[in-house]
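> Got a structure for you, written out below as structure tokens; questions coming shortly.
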Amino acid sequence: MVYVVLITVFRKHGMSPEDFHTHYEQVHMPLIRELAGDLIPISHNRLYVQRSGPELKEVMVQPAENGEGIEYDAVAELIFQDKAASDAYWKILYAPSAEGRLDADEEKFMDRSRLRIVEMGQRDLMFKHDYF
């Protein structure tokens, strides 16, 4: 069974969603690939919250009953072979040899005080062909 980590990422105050996305994809992800090398996860899927209007409100498919939306700007799902592979990945990203490069980059585009990285439980998928 694979080991799954979920990350919620909040953009830095004052940064546009477009600049956040561009930095994440064109600067941050190449840095992660460089630092992690062969320890990169099986997959690192990133999903960005769709925002619109002058207030940059999230586009809700089904609004919450209390009217509140979400505050994070991206969700990343990292899939590893096992927990040992995940541990090795995080260790190399924040190793002294990386000289704080990841931390410094994160400060440029995300609100690190709100960053959440959590271990997920069982991963179940549903596919249309499973039911029809």
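Every chain in the structure tokens has a letter given in the order shown (A, B, ...), and although residue numbers restart at 1 in each chain, ligands are simply numbered from 1 in the order shown.
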Among chain A, which ones does DSSP place in alpha helix (DSSP H), written as JSON, numbers by chain?
{"A": [17, 18, 19, 20, 21, 22, 23, 29, 30, 31, 32, 33, 34, 35, 36, 83, 84, 85, 86, 87, 88, 89, 90, 91, 92, 93, 101, 102, 103, 104, 105, 106, 107, 108, 109]}
> Save the residues we just selected, N, CA, C and O atoms, as a CSV table (one decimal), in the first residue's frame?

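Wrote selection_14.csv, looks like this:
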```
chain,number,residue,atom,x,y,z
A,17,PRO,N,-3.4,35.1,-7.6
A,17,PRO,CA,-3.4,33.7,-7.8
A,17,PRO,C,-2.5,33.2,-9.0
A,17,PRO,O,-1.9,32.2,-9.0
A,18,GLU,N,-2.5,34.1,-10.0
A,18,GLU,CA,-1.7,33.7,-11.2
A,18,GLU,C,-0.2,33.7,-10.9
A,18,GLU,O,0.5,32.8,-11.3
A,19,ASP,N,0.3,34.7,-10.1
A,19,ASP,CA,1.7,34.8,-9.7
A,19,ASP,C,2.0,33.6,-8.8
A,19,ASP,O,3.1,33.0,-8.9
A,20,PHE,N,1.1,33.3,-7.9
A,20,PHE,CA,1.3,32.1,-7.0
A,20,PHE,C,1.5,30.8,-7.8
A,20,PHE,O,2.4,30.1,-7.6
A,21,HIS,N,0.6,30.6,-8.8
A,21,HIS,CA,0.6,29.4,-9.6
A,21,HIS,C,1.9,29.4,-10.4
A,21,HIS,O,2.6,28.3,-10.5
A,22,THR,N,2.3,30.5,-11.0
A,22,THR,CA,3.5,30.5,-11.8
A,22,THR,C,4.7,30.2,-11.0
A,22,THR,O,5.6,29.5,-11.4
A,23,HIS,N,4.8,30.8,-9.8
A,23,HIS,CA,6.0,30.6,-8.9
A,23,HIS,C,6.0,29.1,-8.5
A,23,HIS,O,7.1,28.5,-8.5
A,29,MET,N,8.6,23.9,-7.9
A,29,MET,CA,8.7,22.5,-8.3
A,29,MET,C,10.0,22.1,-8.9
A,29,MET,O,10.6,21.1,-8.6
A,30,PRO,N,10.6,22.9,-9.8
A,30,PRO,CA,12.0,22.6,-10.3
A,30,PRO,C,13.0,22.5,-9.1
A,30,PRO,O,13.9,21.7,-9.1
A,31,LEU,N,12.9,23.4,-8.1
A,31,LEU,CA,13.8,23.3,-7.0
A,31,LEU,C,13.6,22.0,-6.2
A,31,LEU,O,14.5,21.4,-5.8
A,32,ILE,N,12.3,21.6,-6.0
A,32,ILE,CA,12.0,20.4,-5.3
A,32,ILE,C,12.7,19.2,-6.1
A,32,ILE,O,13.3,18.3,-5.5
A,33,ARG,N,12.5,19.2,-7.4
A,33,ARG,CA,13.1,18.1,-8.2
A,33,ARG,C,14.6,18.1,-8.1
A,33,ARG,O,15.2,17.0,-8.0
A,34,GLU,N,15.2,19.3,-8.1
A,34,GLU,CA,16.7,19.4,-8.0
A,34,GLU,C,17.1,18.8,-6.6
A,34,GLU,O,18.1,18.1,-6.5
A,35,LEU,N,16.5,19.3,-5.5
A,35,LEU,CA,16.9,18.9,-4.2
A,35,LEU,C,16.6,17.4,-3.9
A,35,LEU,O,17.4,16.7,-3.2
A,36,ALA,N,15.5,16.9,-4.3
A,36,ALA,CA,15.1,15.6,-4.0
A,36,ALA,C,15.7,14.5,-4.9
A,36,ALA,O,15.9,13.4,-4.4
A,83,LYS,N,6.2,4.8,3.9
A,83,LYS,CA,6.5,5.9,4.9
A,83,LYS,C,8.0,6.2,4.9
A,83,LYS,O,8.5,7.3,5.0
A,84,ALA,N,8.8,5.1,4.7
A,84,ALA,CA,10.3,5.3,4.7
A,84,ALA,C,10.7,6.2,3.5
A,84,ALA,O,11.6,7.1,3.7
A,85,ALA,N,10.0,6.0,2.4
A,85,ALA,CA,10.3,6.9,1.2
A,85,ALA,C,9.9,8.3,1.5
A,85,ALA,O,10.7,9.3,1.1
A,86,SER,N,8.8,8.5,2.2
A,86,SER,CA,8.4,9.9,2.5
A,86,SER,C,9.4,10.5,3.5
A,86,SER,O,9.8,11.7,3.3
A,87,ASP,N,9.8,9.8,4.5
A,87,ASP,CA,10.7,10.3,5.5
A,87,ASP,C,12.0,10.7,4.8
A,87,ASP,O,12.6,11.8,5.2
A,88,ALA,N,12.5,9.9,3.9
A,88,ALA,CA,13.8,10.2,3.2
A,88,ALA,C,13.6,11.5,2.4
A,88,ALA,O,14.5,12.3,2.3
A,89,TYR,N,12.5,11.6,1.7
A,89,TYR,CA,12.2,12.8,0.9
A,89,TYR,C,12.2,14.1,1.8
A,89,TYR,O,12.9,15.1,1.4
A,90,TRP,N,11.5,14.1,2.9
A,90,TRP,CA,11.5,15.3,3.7
A,90,TRP,C,12.8,15.6,4.3
A,90,TRP,O,13.2,16.8,4.4
A,91,LYS,N,13.5,14.6,4.6
A,91,LYS,CA,14.9,14.7,5.2
A,91,LYS,C,15.8,15.4,4.3
A,91,LYS,O,16.6,16.3,4.6
A,92,ILE,N,15.8,15.0,3.0
A,92,ILE,CA,16.7,15.6,2.0
A,92,ILE,C,16.3,17.0,1.7
A,92,ILE,O,17.2,17.9,1.4
A,93,LEU,N,15.0,17.3,1.6
A,93,LEU,CA,14.6,18.7,1.3
A,93,LEU,C,15.0,19.7,2.3
A,93,LEU,O,15.4,20.8,1.9
A,101,ARG,N,17.4,26.4,1.1
A,101,ARG,CA,16.9,26.9,-0.2
A,101,ARG,C,15.4,26.8,-0.3
A,101,ARG,O,14.7,27.6,-0.9
A,102,LEU,N,14.9,25.7,0.2
A,102,LEU,CA,13.4,25.4,0.1
A,102,LEU,C,12.7,26.4,1.0
A,102,LEU,O,11.7,27.0,0.6
A,103,ASP,N,13.1,26.6,2.2
A,103,ASP,CA,12.5,27.6,3.1
A,103,ASP,C,12.5,29.0,2.5
A,103,ASP,O,11.5,29.7,2.5
A,104,ALA,N,13.7,29.4,2.0
A,104,ALA,CA,13.8,30.7,1.4
A,104,ALA,C,12.8,30.9,0.2
A,104,ALA,O,12.2,31.9,0.0
A,105,ASP,N,12.7,29.8,-0.6
A,105,ASP,CA,11.8,29.9,-1.8
A,105,ASP,C,10.3,30.0,-1.3
A,105,ASP,O,9.5,30.8,-1.8
A,106,GLU,N,10.0,29.2,-0.3
A,106,GLU,CA,8.6,29.2,0.2
A,106,GLU,C,8.2,30.5,0.8
A,106,GLU,O,7.0,31.0,0.6
A,107,GLU,N,9.1,31.2,1.4
A,107,GLU,CA,8.8,32.6,1.9
A,107,GLU,C,8.5,33.6,0.8
A,107,GLU,O,7.8,34.5,1.0
A,108,LYS,N,8.9,33.3,-0.4
A,108,LYS,CA,8.6,34.2,-1.5
A,108,LYS,C,7.2,34.1,-2.1
A,108,LYS,O,6.7,35.1,-2.6
A,109,PHE,N,6.5,33.0,-1.9
A,109,PHE,CA,5.2,32.9,-2.5
A,109,PHE,C,4.1,32.3,-1.6
A,109,PHE,O,2.9,32.3,-2.0
```
> Fewer than 5 positions away in the same chain doesn't count, so skip those; otherwise give me all residues within 7 Å of range 117-132 of chain A, counting only C-alpha atoms, as a PyMOL selection string.
chain A and resi 4-8
> Could you dump the residues just selected with N, CA, C and O atoms as a compact mmCIF listing (two decimals), in the first residue's frame?

```
# COMPACT_ATOMS: atom_id res chain seq x y z
N VAL A 4 0.44 8.29 1.57
CA VAL A 4 -0.06 9.53 0.97
C VAL A 4 0.06 10.69 1.96
O VAL A 4 -0.28 10.56 3.14
N VAL A 5 0.55 11.83 1.46
CA VAL A 5 0.67 13.05 2.23
C VAL A 5 -0.14 14.13 1.51
O VAL A 5 -0.08 14.24 0.28
N LEU A 6 -0.91 14.89 2.28
CA LEU A 6 -1.70 15.97 1.72
C LEU A 6 -1.18 17.30 2.28
O LEU A 6 -0.91 17.40 3.48
N ILE A 7 -1.02 18.27 1.40
CA ILE A 7 -0.51 19.59 1.79
C ILE A 7 -1.53 20.64 1.38
O ILE A 7 -2.00 20.65 0.24
N THR A 8 -1.87 21.54 2.30
CA THR A 8 -2.69 22.71 1.93
C THR A 8 -1.76 23.91 1.96
O THR A 8 -1.01 24.11 2.91
```
> If you run DSSP on this backbone, which residues of range 3-107 of chain A come out as strand (DSSP E or B), and could you give them as a PyMOL selection string?
chain A and resi 3-9+11+43-48+51-52+57-58+74-80
> Between A:Ala64, A:Tyr3, A:Gly14, A:Glu55, single out the one closest to Phe80 in chain A, counting only C-alpha atoms.
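Checking each candidate against Phe80 in chain A, we get A:Tyr3 as the closest.
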> What does the structure give for the distance between CA of Ile70 in chain A and CA of His44 in chain A, in Å to one decimal?
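Those two atoms sit 21.8 Å apart.
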> I'd like to know which of A:Gly53, A:Ser113, A:Pro41, A:Tyr94 is closest to Asp82 in chain A, using only C-alpha atoms.
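Counting only C-alpha atoms, the residue closest to Asp82 in chain A is A:Pro41.
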> For the atom pair CA of Ser16 in chain A and CA of Gln50 in chain A, what is the interatomic distance in Å to one decimal place?
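Between these atoms lies a distance of 12.0 Å.
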> Measuring atom to atom with only C-alpha atoms, identify which of A:Asp73, A:Asn66, A:Val2, A:His28 is nearest to Arg114 in chain A.
A:Asp73
> In Å to one decimal, how far is CA of Ser52 in chain A from CA of Leu78 in chain A?
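Between CA of Leu78 in chain A and CA of Ser52 in chain A the gap works out to 27.2 Å.
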> Using only C-alpha atoms, which residues sit within 8 Å of Leu47 in chain A once same-chain residues fewer than 2 positions away are excluded, as a list in words?
Asn45, Val49, Ala74, Val75 and Ala76 of chain A
> Give me the residues within 7 Å of Met110 in chain A as a list in words, counting only C-alpha atoms and dropping any in the same chain fewer than 4 places off.
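These residues fall inside the cut-off: Val9, Phe10, Arg11, Lys12 and Glu106 of chain A.
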> Output C-alpha atoms of each residue in that selection to a file, as a compact mmCIF listing (two decimals), in the first residue's frame.

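Wrote out38.txt, looks like this:
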```txt
# COMPACT_ATOMS: atom_id res chain seq x y z
CA VAL A 9 -0.88 25.81 0.70
CA PHE A 10 -1.86 29.45 1.21
CA ARG A 11 -0.45 32.13 -1.07
CA LYS A 12 1.51 34.99 0.38
CA GLU A 106 8.58 29.18 0.22
```
